[in-house]
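This is work-v9.pdb (PDB, N, CA and C atoms).
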ATOM      1  N   MET A  18      90.203  91.046 104.293
ATOM      2  CA  MET A  18      91.543  90.511 104.122
ATOM      3  C   MET A  18      92.539  91.656 104.304
ATOM      4  N   THR A  19      93.564  91.420 105.080
ATOM      5  CA  THR A  19      94.576  92.442 105.301
ATOM      6  C   THR A  19      95.570  92.466 104.158
ATOM      7  N   VAL A  20      96.252  93.581 104.037
ATOM      8  CA  VAL A  20      97.255  93.706 102.984
ATOM      9  C   VAL A  20      98.385  92.699 103.189
ATOM     10  N   GLU A  21      98.684  92.386 104.433
ATOM     11  CA  GLU A  21      99.715  91.378 104.710
ATOM     12  C   GLU A  21      99.304  90.012 104.157
ATOM     13  N   ARG A  22      98.041  89.674 104.293
ATOM     14  CA  ARG A  22      97.550  88.392 103.764
ATOM     15  C   ARG A  22      97.567  88.378 102.245
ATOM     16  N   VAL A  23      97.265  89.499 101.635
ATOM     17  CA  VAL A  23      97.318  89.584 100.171
ATOM     18  C   VAL A  23      98.745  89.330  99.691
ATOM     19  N   VAL A  24      99.691  90.014 100.306
ATOM     20  CA  VAL A  24     101.092  89.855  99.925
ATOM     21  C   VAL A  24     101.546  88.417 100.179
ATOM     22  N   ALA A  25     101.204  87.860 101.337
ATOM     23  CA  ALA A  25     101.583  86.478 101.651
ATOM     24  C   ALA A  25     100.965  85.502 100.654
ATOM     25  N   GLY A  26      99.717  85.731 100.276
ATOM     26  CA  GLY A  26      99.062  84.864  99.299
ATOM     27  C   GLY A  26      99.750  84.899  97.949
ATOM     28  N   LEU A  27     100.144  86.086  97.512
ATOM     29  CA  LEU A  27     100.872  86.213  96.254
ATOM     30  C   LEU A  27     102.224  85.515  96.348
ATOM     31  N   LEU A  28     102.924  85.735  97.450
ATOM     32  CA  LEU A  28     104.221  85.085  97.657
ATOM     33  C   LEU A  28     104.095  83.566  97.615
ATOM     34  N   GLY A  29     103.088  83.069  98.295
ATOM     35  CA  GLY A  29     102.880  81.621  98.370
ATOM     36  C   GLY A  29     102.581  80.990  97.029
ATOM     37  N   ARG A  30     102.047  81.762  96.123
ATOM     38  CA  ARG A  30     101.708  81.249  94.794
ATOM     39  C   ARG A  30     102.780  81.565  93.747
ATOM     40  N   GLY A  31     103.786  82.313  94.148
ATOM     41  CA  GLY A  31     104.787  82.741  93.177
ATOM     42  C   GLY A  31     104.216  83.743  92.201
ATOM     43  N   ALA A  32     103.196  84.484  92.628
ATOM     44  CA  ALA A  32     102.506  85.439  91.775
ATOM     45  C   ALA A  32     103.055  86.851  91.987
ATOM     46  N   THR A  33     102.741  87.713  91.040
ATOM     47  CA  THR A  33     103.169  89.109  91.126
ATOM     48  C   THR A  33     101.981  90.028  90.898
ATOM     49  N   LEU A  34     102.162  91.302  91.254
ATOM     50  CA  LEU A  34     101.067  92.261  91.226
ATOM     51  C   LEU A  34     101.499  93.565  90.584
ATOM     52  N   ALA A  35     100.596  94.142  89.797
ATOM     53  CA  ALA A  35     100.754  95.490  89.252
ATOM     54  C   ALA A  35      99.511  96.282  89.636
ATOM     55  N   VAL A  36      99.684  97.571  89.853
ATOM     56  CA  VAL A  36      98.579  98.417  90.304
ATOM     57  C   VAL A  36      98.403  99.575  89.336
ATOM     58  N   ALA A  37      97.146  99.862  88.982
ATOM     59  CA  ALA A  37      96.798 101.024  88.166
ATOM     60  C   ALA A  37      95.794 101.847  88.967
ATOM     61  N   GLU A  38      96.172 103.072  89.308
ATOM     62  CA  GLU A  38      95.332 103.885  90.172
ATOM     63  C   GLU A  38      94.939 105.186  89.502
ATOM     64  N   SER A  39      93.697 105.562  89.723
ATOM     65  CA  SER A  39      93.229 106.881  89.334
ATOM     66  C   SER A  39      92.653 107.530  90.587
ATOM     67  N   LEU A  40      91.504 107.098  90.997
ATOM     68  CA  LEU A  40      90.827 107.653  92.173
ATOM     69  C   LEU A  40      91.716 107.685  93.403
ATOM     70  N   THR A  41      92.474 106.638  93.633
ATOM     71  CA  THR A  41      93.228 106.471  94.869
ATOM     72  C   THR A  41      94.593 107.162  94.843
ATOM     73  N   GLY A  42      95.014 107.657  93.720
ATOM     74  CA  GLY A  42      96.203 108.493  93.633
ATOM     75  C   GLY A  42      97.475 107.934  94.233
ATOM     76  N   GLY A  43      97.642 106.634  94.239
ATOM     77  CA  GLY A  43      98.840 106.025  94.764
ATOM     78  C   GLY A  43      98.679 105.417  96.148
ATOM     79  N   GLN A  44      97.502 105.567  96.741
ATOM     80  CA  GLN A  44      97.301 105.049  98.097
ATOM     81  C   GLN A  44      97.321 103.523  98.164
ATOM     82  N   VAL A  45      96.834 102.853  97.124
ATOM     83  CA  VAL A  45      96.874 101.385  97.124
ATOM     84  C   VAL A  45      98.332 100.935  97.149
ATOM     85  N   SER A  46      99.131 101.517  96.287
ATOM     86  CA  SER A  46     100.549 101.174  96.234
ATOM     87  C   SER A  46     101.248 101.539  97.538
ATOM     88  N   ALA A  47     100.939 102.703  98.071
ATOM     89  CA  ALA A  47     101.554 103.138  99.320
ATOM     90  C   ALA A  47     101.222 102.181 100.456
ATOM     91  N   THR A  48     100.020 101.655 100.463
ATOM     92  CA  THR A  48      99.635 100.683 101.494
ATOM     93  C   THR A  48     100.377  99.370 101.300
ATOM     94  N   LEU A  49     100.476  98.931 100.063
ATOM     95  CA  LEU A  49     101.194  97.678  99.789
ATOM     96  C   LEU A  49     102.646  97.747 100.248
ATOM     97  N   VAL A  50     103.298  98.873 100.025
ATOM     98  CA  VAL A  50     104.727  98.945 100.335
ATOM     99  C   VAL A  50     105.016  99.062 101.829
ATOM    100  N   THR A  51     103.986  99.088 102.659
ATOM    101  CA  THR A  51     104.214  99.042 104.106
ATOM    102  C   THR A  51     104.509  97.622 104.585
ATOM    103  N   VAL A  52     104.284  96.641 103.721
ATOM    104  CA  VAL A  52     104.485  95.240 104.090
ATOM    105  C   VAL A  52     105.924  94.834 103.785
ATOM    106  N   PRO A  53     106.663  94.395 104.802
ATOM    107  CA  PRO A  53     108.020  93.933 104.551
ATOM    108  C   PRO A  53     108.021  92.774 103.538
ATOM    109  N   GLY A  54     108.926  92.841 102.580
ATOM    110  CA  GLY A  54     109.039  91.789 101.577
ATOM    111  C   GLY A  54     108.151  91.970 100.365
ATOM    112  N   VAL A  55     107.387  93.054 100.302
ATOM    113  CA  VAL A  55     106.467  93.257  99.176
ATOM    114  C   VAL A  55     107.196  93.348  97.842
ATOM    115  N   SER A  56     108.452  93.732  97.877
ATOM    116  CA  SER A  56     109.190  93.864  96.615
ATOM    117  C   SER A  56     109.316  92.537  95.875
ATOM    118  N   ALA A  57     109.083  91.439  96.561
ATOM    119  CA  ALA A  57     109.112  90.132  95.895
ATOM    120  C   ALA A  57     107.878  89.903  95.037
ATOM    121  N   VAL A  58     106.820  90.680  95.255
ATOM    122  CA  VAL A  58     105.590  90.475  94.489
ATOM    123  C   VAL A  58     105.124  91.714  93.728
ATOM    124  N   LEU A  59     105.419  92.905  94.208
ATOM    125  CA  LEU A  59     104.930  94.126  93.562
ATOM    126  C   LEU A  59     105.854  94.529  92.431
ATOM    127  N   ARG A  60     105.334  94.442  91.198
ATOM    128  CA  ARG A  60     106.120  94.797  90.021
ATOM    129  C   ARG A  60     106.190  96.309  89.832
ATOM    130  N   GLY A  61     105.107  97.000  90.142
ATOM    131  CA  GLY A  61     105.087  98.442  89.953
ATOM    132  C   GLY A  61     103.669  98.959  89.931
ATOM    133  N   ALA A  62     103.570 100.283  89.724
ATOM    134  CA  ALA A  62     102.265 100.934  89.725
ATOM    135  C   ALA A  62     102.268 102.118  88.770
ATOM    136  N   VAL A  63     101.075 102.428  88.278
ATOM    137  CA  VAL A  63     100.863 103.595  87.424
ATOM    138  C   VAL A  63      99.724 104.396  88.026
ATOM    139  N   VAL A  64      99.963 105.695  88.253
ATOM    140  CA  VAL A  64      98.894 106.594  88.673
ATOM    141  C   VAL A  64      98.539 107.419  87.443
ATOM    142  N   ALA A  65      97.354 107.174  86.905
ATOM    143  CA  ALA A  65      96.923 107.823  85.663
ATOM    144  C   ALA A  65      95.585 108.522  85.889
ATOM    145  N   TYR A  66      95.637 109.786  86.246
ATOM    146  CA  TYR A  66      94.405 110.541  86.443
ATOM    147  C   TYR A  66      93.795 110.952  85.102
ATOM    148  N   ALA A  67      94.612 111.371  84.169
ATOM    149  CA  ALA A  67      94.118 111.849  82.875
ATOM    150  C   ALA A  67      93.544 110.689  82.069
ATOM    151  N   THR A  68      92.392 110.926  81.477
ATOM    152  CA  THR A  68      91.712 109.891  80.707
ATOM    153  C   THR A  68      92.564 109.379  79.558
ATOM    154  N   ASP A  69      93.255 110.286  78.867
ATOM    155  CA  ASP A  69      94.077 109.842  77.743
ATOM    156  C   ASP A  69      95.213 108.926  78.194
ATOM    157  N   LEU A  70      95.716 109.112  79.398
ATOM    158  CA  LEU A  70      96.776 108.232  79.897
ATOM    159  C   LEU A  70      96.267 106.834  80.200
ATOM    160  N   LYS A  71      95.005 106.732  80.583
ATOM    161  CA  LYS A  71      94.431 105.399  80.810
ATOM    162  C   LYS A  71      94.495 104.585  79.517
ATOM    163  N   ALA A  72      94.223 105.234  78.395
ATOM    164  CA  ALA A  72      94.298 104.550  77.101
ATOM    165  C   ALA A  72      95.751 104.319  76.689
ATOM    166  N   GLU A  73      96.589 105.346  76.795
ATOM    167  CA  GLU A  73      97.954 105.257  76.300
ATOM    168  C   GLU A  73      98.851 104.350  77.136
ATOM    169  N   LEU A  74      98.754 104.440  78.443
ATOM    170  CA  LEU A  74      99.661 103.694  79.314
ATOM    171  C   LEU A  74      99.106 102.353  79.771
ATOM    172  N   LEU A  75      97.769 102.261  79.853
ATOM    173  CA  LEU A  75      97.159 101.075  80.455
ATOM    174  C   LEU A  75      96.290 100.282  79.482
ATOM    175  N   ASP A  76      96.281 100.689  78.228
ATOM    176  CA  ASP A  76      95.553  99.971  77.179
ATOM    177  C   ASP A  76      94.038  99.912  77.404
ATOM    178  N   VAL A  77      93.489 100.914  78.081
ATOM    179  CA  VAL A  77      92.029 100.977  78.209
ATOM    180  C   VAL A  77      91.463 101.386  76.849
ATOM    181  N   ASP A  78      90.391 100.742  76.437
ATOM    182  CA  ASP A  78      89.759 100.984  75.142
ATOM    183  C   ASP A  78      89.356 102.459  75.014
ATOM    184  N   ALA A  79      89.969 103.152  74.060
ATOM    185  CA  ALA A  79      89.702 104.574  73.852
ATOM    186  C   ALA A  79      88.248 104.827  73.486
ATOM    187  N   ASP A  80      87.633 103.917  72.752
ATOM    188  CA  ASP A  80      86.216 104.083  72.394
ATOM    189  C   ASP A  80      85.320 103.982  73.627
ATOM    190  N   LEU A  81      85.646 103.076  74.531
ATOM    191  CA  LEU A  81      84.905 102.961  75.791
ATOM    192  C   LEU A  81      85.022 104.256  76.580
ATOM    193  N   LEU A  82      86.231 104.789  76.687
ATOM    194  CA  LEU A  82      86.446 106.034  77.415
ATOM    195  C   LEU A  82      85.693 107.188  76.772
ATOM    196  N   ALA A  83      85.716 107.271  75.439
ATOM    197  CA  ALA A  83      85.032 108.354  74.734
ATOM    198  C   ALA A  83      83.521 108.262  74.901
ATOM    199  N   ALA A  84      82.997 107.049  74.885
ATOM    200  CA  ALA A  84      81.549 106.860  74.961
ATOM    201  C   ALA A  84      80.999 106.990  76.375
ATOM    202  N   HIS A  85      81.758 106.526  77.362
ATOM    203  CA  HIS A  85      81.209 106.427  78.712
ATOM    204  C   HIS A  85      82.011 107.133  79.790
ATOM    205  N   GLY A  86      83.201 107.622  79.467
ATOM    206  CA  GLY A  86      84.052 108.264  80.459
ATOM    207  C   GLY A  86      84.847 107.252  81.253
ATOM    208  N   PRO A  87      85.717 107.740  82.133
ATOM    209  CA  PRO A  87      86.637 106.858  82.844
ATOM    210  C   PRO A  87      86.069 106.196  84.100
ATOM    211  N   VAL A  88      84.882 106.589  84.520
ATOM    212  CA  VAL A  88      84.338 106.054  85.768
ATOM    213  C   VAL A  88      83.321 104.962  85.446
ATOM    214  N   ARG A  89      83.849 103.796  85.160
ATOM    215  CA  ARG A  89      83.046 102.627  84.798
ATOM    216  C   ARG A  89      83.734 101.383  85.348
ATOM    217  N   PRO A  90      82.982 100.368  85.699
ATOM    218  CA  PRO A  90      83.623  99.131  86.162
ATOM    219  C   PRO A  90      84.507  98.508  85.084
ATOM    220  N   GLU A  91      84.098  98.633  83.819
ATOM    221  CA  GLU A  91      84.886  98.069  82.727
ATOM    222  C   GLU A  91      86.241  98.760  82.613
ATOM    223  N   VAL A  92      86.270 100.049  82.922
ATOM    224  CA  VAL A  92      87.526 100.795  82.864
ATOM    225  C   VAL A  92      88.468 100.312  83.962
ATOM    226  N   ALA A  93      87.956 100.118  85.170
ATOM    227  CA  ALA A  93      88.796  99.606  86.266
ATOM    228  C   ALA A  93      89.378  98.244  85.901
ATOM    229  N   LEU A  94      88.554  97.388  85.307
ATOM    230  CA  LEU A  94      89.022  96.065  84.899
ATOM    231  C   LEU A  94      90.105  96.172  83.824
ATOM    232  N   GLN A  95      89.883  97.016  82.830
ATOM    233  CA  GLN A  95      90.875  97.176  81.769
ATOM    234  C   GLN A  95      92.158  97.823  82.293
ATOM    235  N   MET A  96      92.029  98.729  83.263
ATOM    236  CA  MET A  96      93.215  99.309  83.894
ATOM    237  C   MET A  96      94.035  98.222  84.582
ATOM    238  N   ALA A  97      93.353  97.349  85.319
ATOM    239  CA  ALA A  97      94.039  96.262  86.032
ATOM    240  C   ALA A  97      94.739  95.336  85.047
ATOM    241  N   ARG A  98      94.035  94.957  84.008
ATOM    242  CA  ARG A  98      94.626  94.058  83.007
ATOM    243  C   ARG A  98      95.781  94.721  82.271
ATOM    244  N   GLY A  99      95.600  96.001  81.941
ATOM    245  CA  GLY A  99      96.656  96.739  81.249
ATOM    246  C   GLY A  99      97.903  96.889  82.106
ATOM    247  N   ALA A 100      97.719  97.181  83.389
ATOM    248  CA  ALA A 100      98.866  97.305  84.289
ATOM    249  C   ALA A 100      99.595  95.974  84.392
ATOM    250  N   ALA A 101      98.858  94.892  84.551
ATOM    251  CA  ALA A 101      99.488  93.575  84.652
ATOM    252  C   ALA A 101     100.279  93.261  83.384
ATOM    253  N   ARG A 102      99.675  93.530  82.248
ATOM    254  CA  ARG A 102     100.340  93.253  80.966
ATOM    255  C   ARG A 102     101.578  94.144  80.786
ATOM    256  N   ARG A 103     101.418  95.434  80.994
ATOM    257  CA  ARG A 103     102.511  96.382  80.765
ATOM    258  C   ARG A 103     103.654  96.214  81.758
ATOM    259  N   LEU A 104     103.320  95.841  82.995
ATOM    260  CA  LEU A 104     104.338  95.735  84.036
ATOM    261  C   LEU A 104     104.800  94.300  84.274
ATOM    262  N   GLY A 105     104.262  93.366  83.502
ATOM    263  CA  GLY A 105     104.723  91.991  83.567
ATOM    264  C   GLY A 105     104.343  91.271  84.842
ATOM    265  N   ALA A 106     103.120  91.473  85.301
ATOM    266  CA  ALA A 106     102.642  90.836  86.534
ATOM    267  C   ALA A 106     101.581  89.788  86.210
ATOM    268  N   THR A 107     101.414  88.867  87.124
ATOM    269  CA  THR A 107     100.381  87.851  86.937
ATOM    270  C   THR A 107      98.997  88.361  87.340
ATOM    271  N   HIS A 108      98.950  89.398  88.177
ATOM    272  CA  HIS A 108      97.684  89.965  88.652
ATOM    273  C   HIS A 108      97.751  91.479  88.610
ATOM    274  N   GLY A 109      96.578  92.101  88.452
ATOM    275  CA  GLY A 109      96.511  93.556  88.457
ATOM    276  C   GLY A 109      95.348  94.048  89.289
ATOM    277  N   ILE A 110      95.501  95.256  89.793
ATOM    278  CA  ILE A 110      94.437  95.967  90.508
ATOM    279  C   ILE A 110      94.242  97.287  89.787
ATOM    280  N   GLY A 111      92.991  97.687  89.566
ATOM    281  CA  GLY A 111      92.695  98.977  88.956
ATOM    282  C   GLY A 111      91.659  99.720  89.764
ATOM    283  N   THR A 112      91.869 101.023  89.960
ATOM    284  CA  THR A 112      90.890 101.839  90.684
ATOM    285  C   THR A 112      90.515 103.054  89.857
ATOM    286  N   THR A 113      89.234 103.358  89.852
ATOM    287  CA  THR A 113      88.742 104.577  89.230
ATOM    288  C   THR A 113      87.465 104.975  89.962
ATOM    289  N   GLY A 114      87.120 106.237  89.891
ATOM    290  CA  GLY A 114      85.918 106.693  90.573
ATOM    291  C   GLY A 114      85.872 108.204  90.671
ATOM    292  N   VAL A 115      84.983 108.697  91.529
ATOM    293  CA  VAL A 115      84.787 110.131  91.719
ATOM    294  C   VAL A 115      84.973 110.448  93.203
ATOM    295  N   ALA A 116      86.037 111.169  93.510
ATOM    296  CA  ALA A 116      86.313 111.527  94.902
ATOM    297  C   ALA A 116      85.454 112.696  95.372
ATOM    298  N   GLY A 117      85.037 113.547  94.452
ATOM    299  CA  GLY A 117      84.223 114.695  94.827
ATOM    300  C   GLY A 117      85.054 115.963  94.855
ATOM    301  N   PRO A 118      84.511 117.039  95.295
ATOM    302  CA  PRO A 118      83.303 117.097  96.118
ATOM    303  C   PRO A 118      82.003 116.970  95.332
ATOM    304  N   GLY A 119      82.058 117.211  94.032
ATOM    305  CA  GLY A 119      80.841 117.097  93.237
ATOM    306  C   GLY A 119      80.926 115.955  92.262
ATOM    307  N   PRO A 120      79.912 115.807  91.422
ATOM    308  CA  PRO A 120      79.907 114.725  90.440
ATOM    309  C   PRO A 120      80.945 114.967  89.340
ATOM    310  N   ALA A 121      81.275 113.896  88.626
ATOM    311  CA  ALA A 121      82.181 113.978  87.473
ATOM    312  C   ALA A 121      81.765 112.897  86.474
ATOM    313  N   ASP A 122      81.785 113.250  85.213
ATOM    314  CA  ASP A 122      81.464 112.310  84.140
ATOM    315  C   ASP A 122      80.099 111.647  84.369
ATOM    316  N   GLY A 123      79.152 112.400  84.922
ATOM    317  CA  GLY A 123      77.807 111.870  85.140
ATOM    318  C   GLY A 123      77.681 110.926  86.315
ATOM    319  N   ARG A 124      78.725 110.801  87.115
ATOM    320  CA  ARG A 124      78.705 109.914  88.287
ATOM    321  C   ARG A 124      78.784 110.750  89.550
ATOM    322  N   PRO A 125      78.058 110.364  90.581
ATOM    323  CA  PRO A 125      78.090 111.131  91.822
ATOM    324  C   PRO A 125      79.400 110.916  92.595
ATOM    325  N   ALA A 126      79.749 111.894  93.410
ATOM    326  CA  ALA A 126      80.896 111.754  94.298
ATOM    327  C   ALA A 126      80.690 110.515  95.160
ATOM    328  N   GLY A 127      81.767 109.803  95.360
ATOM    329  CA  GLY A 127      81.700 108.580  96.153
ATOM    330  C   GLY A 127      81.587 107.321  95.321
ATOM    331  N   THR A 128      81.425 107.456  94.001
ATOM    332  CA  THR A 128      81.402 106.295  93.117
ATOM    333  C   THR A 128      82.814 105.718  93.040
ATOM    334  N   VAL A 129      82.946 104.426  93.267
ATOM    335  CA  VAL A 129      84.261 103.784  93.275
ATOM    336  C   VAL A 129      84.174 102.437  92.564
ATOM    337  N   TYR A 130      85.128 102.229  91.668
ATOM    338  CA  TYR A 130      85.282 100.920  91.012
ATOM    339  C   TYR A 130      86.728 100.503  91.156
TER     340      TYR A 130
END

Please go through the file and, once you have read it, give me the structure as structure tokens.
Amino acid sequence: MTVERVVAGLLGRGATLAVAESLTGGQVSATLVTVPGVSAVLRGAVVAYATDLKAELLDVDADLLAAHGPVRPEVALQMARGAARRLGATHGIGTTGVAGPGPADGRPAGTVY
């Protein structure tokens, strides 16, 4: 699915989007804003690399982060939900992972959620 179709689908439903990025460092948001008219659906984005910011800004469970680290599918889901809630959107996207060059938090480079 192209980013244009995502934006059109949100527009057609009267839906809005919030983005929470860690691994992607703003690239998801940067891609979205290339679509004319995206401002009608994109509420905003948070780039939170630091683990403590995931908890403070995006409402990711601090106990989950302490026990398992930030590179987990549950963390990406909680980031998405937290961004949607905090930014007042109907939908959220969350990204987390390990870009490399080496492993981090017990996960190999290339792990993406």

Exercise for review: Please write the residues picked by the PyMOL selection byres ((chain A and resi 35-39) around 6.5) on this file as a PyMOL selection string.
Suggested key: chain A and resi 33-34+40-43+58-66+96-97+100-101+104+106-114

Exercise for review: Could you tell me which of A:Gly26, A:Asp122, A:Tyr130, A:Val50 comes closest to Val92 of chain A if we count all atoms listed in the file?
Suggested key: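 Using all atoms listed in the file, the shortest distance to Val92 of chain A belongs to A:Tyr130.
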
Practice item. Looking only at strand (DSSP E) from DSSP on the backbone, list the matching residues of chain A as a VMD selection string. Key: chain A and resid 34 to 38 59 to 64 108 to 112

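What the PyMOL selection byres (((chain A and resi 124 and name CA) around 12) and name CA) picks from this file is His85, Gly86, Pro87, Val88, Arg89, Thr113, Gly114, Val115, Ala116, Gly117, Pro118, Gly119, Pro120, Ala121, Asp122, Gly123, Pro125, Ala126, Gly127, Thr128, Val129 and Tyr130 of chain A.
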
Those selected residues, please, written with N, CA and C atoms and delivered as a PDB file, keeping the file's coordinate frame.
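Result file is part-v2.pdb:
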ATOM      1  N   HIS A  85      81.758 106.526  77.362  1.00  0.00           N
ATOM      2  CA  HIS A  85      81.209 106.427  78.712  1.00  0.00           C
ATOM      3  C   HIS A  85      82.011 107.133  79.790  1.00  0.00           C
ATOM      4  N   GLY A  86      83.201 107.622  79.467  1.00  0.00           N
ATOM      5  CA  GLY A  86      84.052 108.264  80.459  1.00  0.00           C
ATOM      6  C   GLY A  86      84.847 107.252  81.253  1.00  0.00           C
ATOM      7  N   PRO A  87      85.717 107.740  82.133  1.00  0.00           N
ATOM      8  CA  PRO A  87      86.637 106.858  82.844  1.00  0.00           C
ATOM      9  C   PRO A  87      86.069 106.196  84.100  1.00  0.00           C
ATOM     10  N   VAL A  88      84.882 106.589  84.520  1.00  0.00           N
ATOM     11  CA  VAL A  88      84.338 106.054  85.768  1.00  0.00           C
ATOM     12  C   VAL A  88      83.321 104.962  85.446  1.00  0.00           C
ATOM     13  N   ARG A  89      83.849 103.796  85.160  1.00  0.00           N
ATOM     14  CA  ARG A  89      83.046 102.627  84.798  1.00  0.00           C
ATOM     15  C   ARG A  89      83.734 101.383  85.348  1.00  0.00           C
ATOM     16  N   THR A 113      89.234 103.358  89.852  1.00  0.00           N
ATOM     17  CA  THR A 113      88.742 104.577  89.230  1.00  0.00           C
ATOM     18  C   THR A 113      87.465 104.975  89.962  1.00  0.00           C
ATOM     19  N   GLY A 114      87.120 106.237  89.891  1.00  0.00           N
ATOM     20  CA  GLY A 114      85.918 106.693  90.573  1.00  0.00           C
ATOM     21  C   GLY A 114      85.872 108.204  90.671  1.00  0.00           C
ATOM     22  N   VAL A 115      84.983 108.697  91.529  1.00  0.00           N
ATOM     23  CA  VAL A 115      84.787 110.131  91.719  1.00  0.00           C
ATOM     24  C   VAL A 115      84.973 110.448  93.203  1.00  0.00           C
ATOM     25  N   ALA A 116      86.037 111.169  93.510  1.00  0.00           N
ATOM     26  CA  ALA A 116      86.313 111.527  94.902  1.00  0.00           C
ATOM     27  C   ALA A 116      85.454 112.696  95.372  1.00  0.00           C
ATOM     28  N   GLY A 117      85.037 113.547  94.452  1.00  0.00           N
ATOM     29  CA  GLY A 117      84.223 114.695  94.827  1.00  0.00           C
ATOM     30  C   GLY A 117      85.054 115.963  94.855  1.00  0.00           C
ATOM     31  N   PRO A 118      84.511 117.039  95.295  1.00  0.00           N
ATOM     32  CA  PRO A 118      83.303 117.097  96.118  1.00  0.00           C
ATOM     33  C   PRO A 118      82.003 116.970  95.332  1.00  0.00           C
ATOM     34  N   GLY A 119      82.058 117.211  94.032  1.00  0.00           N
ATOM     35  CA  GLY A 119      80.841 117.097  93.237  1.00  0.00           C
ATOM     36  C   GLY A 119      80.926 115.955  92.262  1.00  0.00           C
ATOM     37  N   PRO A 120      79.912 115.807  91.422  1.00  0.00           N
ATOM     38  CA  PRO A 120      79.907 114.725  90.440  1.00  0.00           C
ATOM     39  C   PRO A 120      80.945 114.967  89.340  1.00  0.00           C
ATOM     40  N   ALA A 121      81.275 113.896  88.626  1.00  0.00           N
ATOM     41  CA  ALA A 121      82.181 113.978  87.473  1.00  0.00           C
ATOM     42  C   ALA A 121      81.765 112.897  86.474  1.00  0.00           C
ATOM     43  N   ASP A 122      81.785 113.250  85.213  1.00  0.00           N
ATOM     44  CA  ASP A 122      81.464 112.310  84.140  1.00  0.00           C
ATOM     45  C   ASP A 122      80.099 111.647  84.369  1.00  0.00           C
ATOM     46  N   GLY A 123      79.152 112.400  84.922  1.00  0.00           N
ATOM     47  CA  GLY A 123      77.807 111.870  85.140  1.00  0.00           C
ATOM     48  C   GLY A 123      77.681 110.926  86.315  1.00  0.00           C
ATOM     49  N   PRO A 125      78.058 110.364  90.581  1.00  0.00           N
ATOM     50  CA  PRO A 125      78.090 111.131  91.822  1.00  0.00           C
ATOM     51  C   PRO A 125      79.400 110.916  92.595  1.00  0.00           C
ATOM     52  N   ALA A 126      79.749 111.894  93.410  1.00  0.00           N
ATOM     53  CA  ALA A 126      80.896 111.754  94.298  1.00  0.00           C
ATOM     54  C   ALA A 126      80.690 110.515  95.160  1.00  0.00           C
ATOM     55  N   GLY A 127      81.767 109.803  95.360  1.00  0.00           N
ATOM     56  CA  GLY A 127      81.700 108.580  96.153  1.00  0.00           C
ATOM     57  C   GLY A 127      81.587 107.321  95.321  1.00  0.00           C
ATOM     58  N   THR A 128      81.425 107.456  94.001  1.00  0.00           N
ATOM     59  CA  THR A 128      81.402 106.295  93.117  1.00  0.00           C
ATOM     60  C   THR A 128      82.814 105.718  93.040  1.00  0.00           C
ATOM     61  N   VAL A 129      82.946 104.426  93.267  1.00  0.00           N
ATOM     62  CA  VAL A 129      84.261 103.784  93.275  1.00  0.00           C
ATOM     63  C   VAL A 129      84.174 102.437  92.564  1.00  0.00           C
ATOM     64  N   TYR A 130      85.128 102.229  91.668  1.00  0.00           N
ATOM     65  CA  TYR A 130      85.282 100.920  91.012  1.00  0.00           C
ATOM     66  C   TYR A 130      86.728 100.503  91.156  1.00  0.00           C
TER      67      TYR A 130
END

Check your understanding: Can you tell me how far atom CA of Ala32 of chain A sits from atom CA of Ala93 of chain A, in Å to one decimal?
Key -> 20.5 Å

Practice item. Check the smallest atom-to-atom distance from each of A:Pro90, A:Val52, A:Gly99, A:Ser46 to Val77 of chain A using all atoms listed in the file, then report the winner. Key: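 Using all atoms listed in the file, Val77 of chain A sits closest to A:Gly99.
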
Point to revise | Residue nearest Arg103 of chain A - candidates A:Glu91, A:Ala84, A:Val20, A:Leu75, atoms counted: all atoms listed in the file | key: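 When distances to Arg103 of chain A are compared using all atoms listed in the file, the smallest one comes from A:Leu75.
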
Check your understanding: Do you have the atom CA of Ala47 of chain A-atom CA of Val24 of chain A distance handy?
Key ->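 It comes out at 13.3 Å.
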
Listed atoms of segment 87-95 of chain A, axis-aligned box, 6 Å per side: centre and edge lengths to one decimal in Å, as JSON?
{"center_x": 87.6, "center_y": 101.9, "center_z": 84.0, "size_x": 21.2, "size_y": 23.7, "size_z": 16.5}

Check your understanding: With distances taken over only C-alpha atoms, which of A:Leu94, A:Leu49, A:Arg102, A:Gly54 is nearest to Leu74 of chain A?
Key -> A:Arg102

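Among the candidates A:Ala79, A:Met18, A:Ala67, A:Ala57, the residue lying nearest to Arg30 of chain A is A:Ala57 (atoms considered: only C-alpha atoms).
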
**Study point:** Straight-line distance linking atom N of Ala25 of chain A with atom CA of Val55 of chain A, stated in Å to one decimal
**Key:**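 Between these atoms lies a distance of 7.8 Å.
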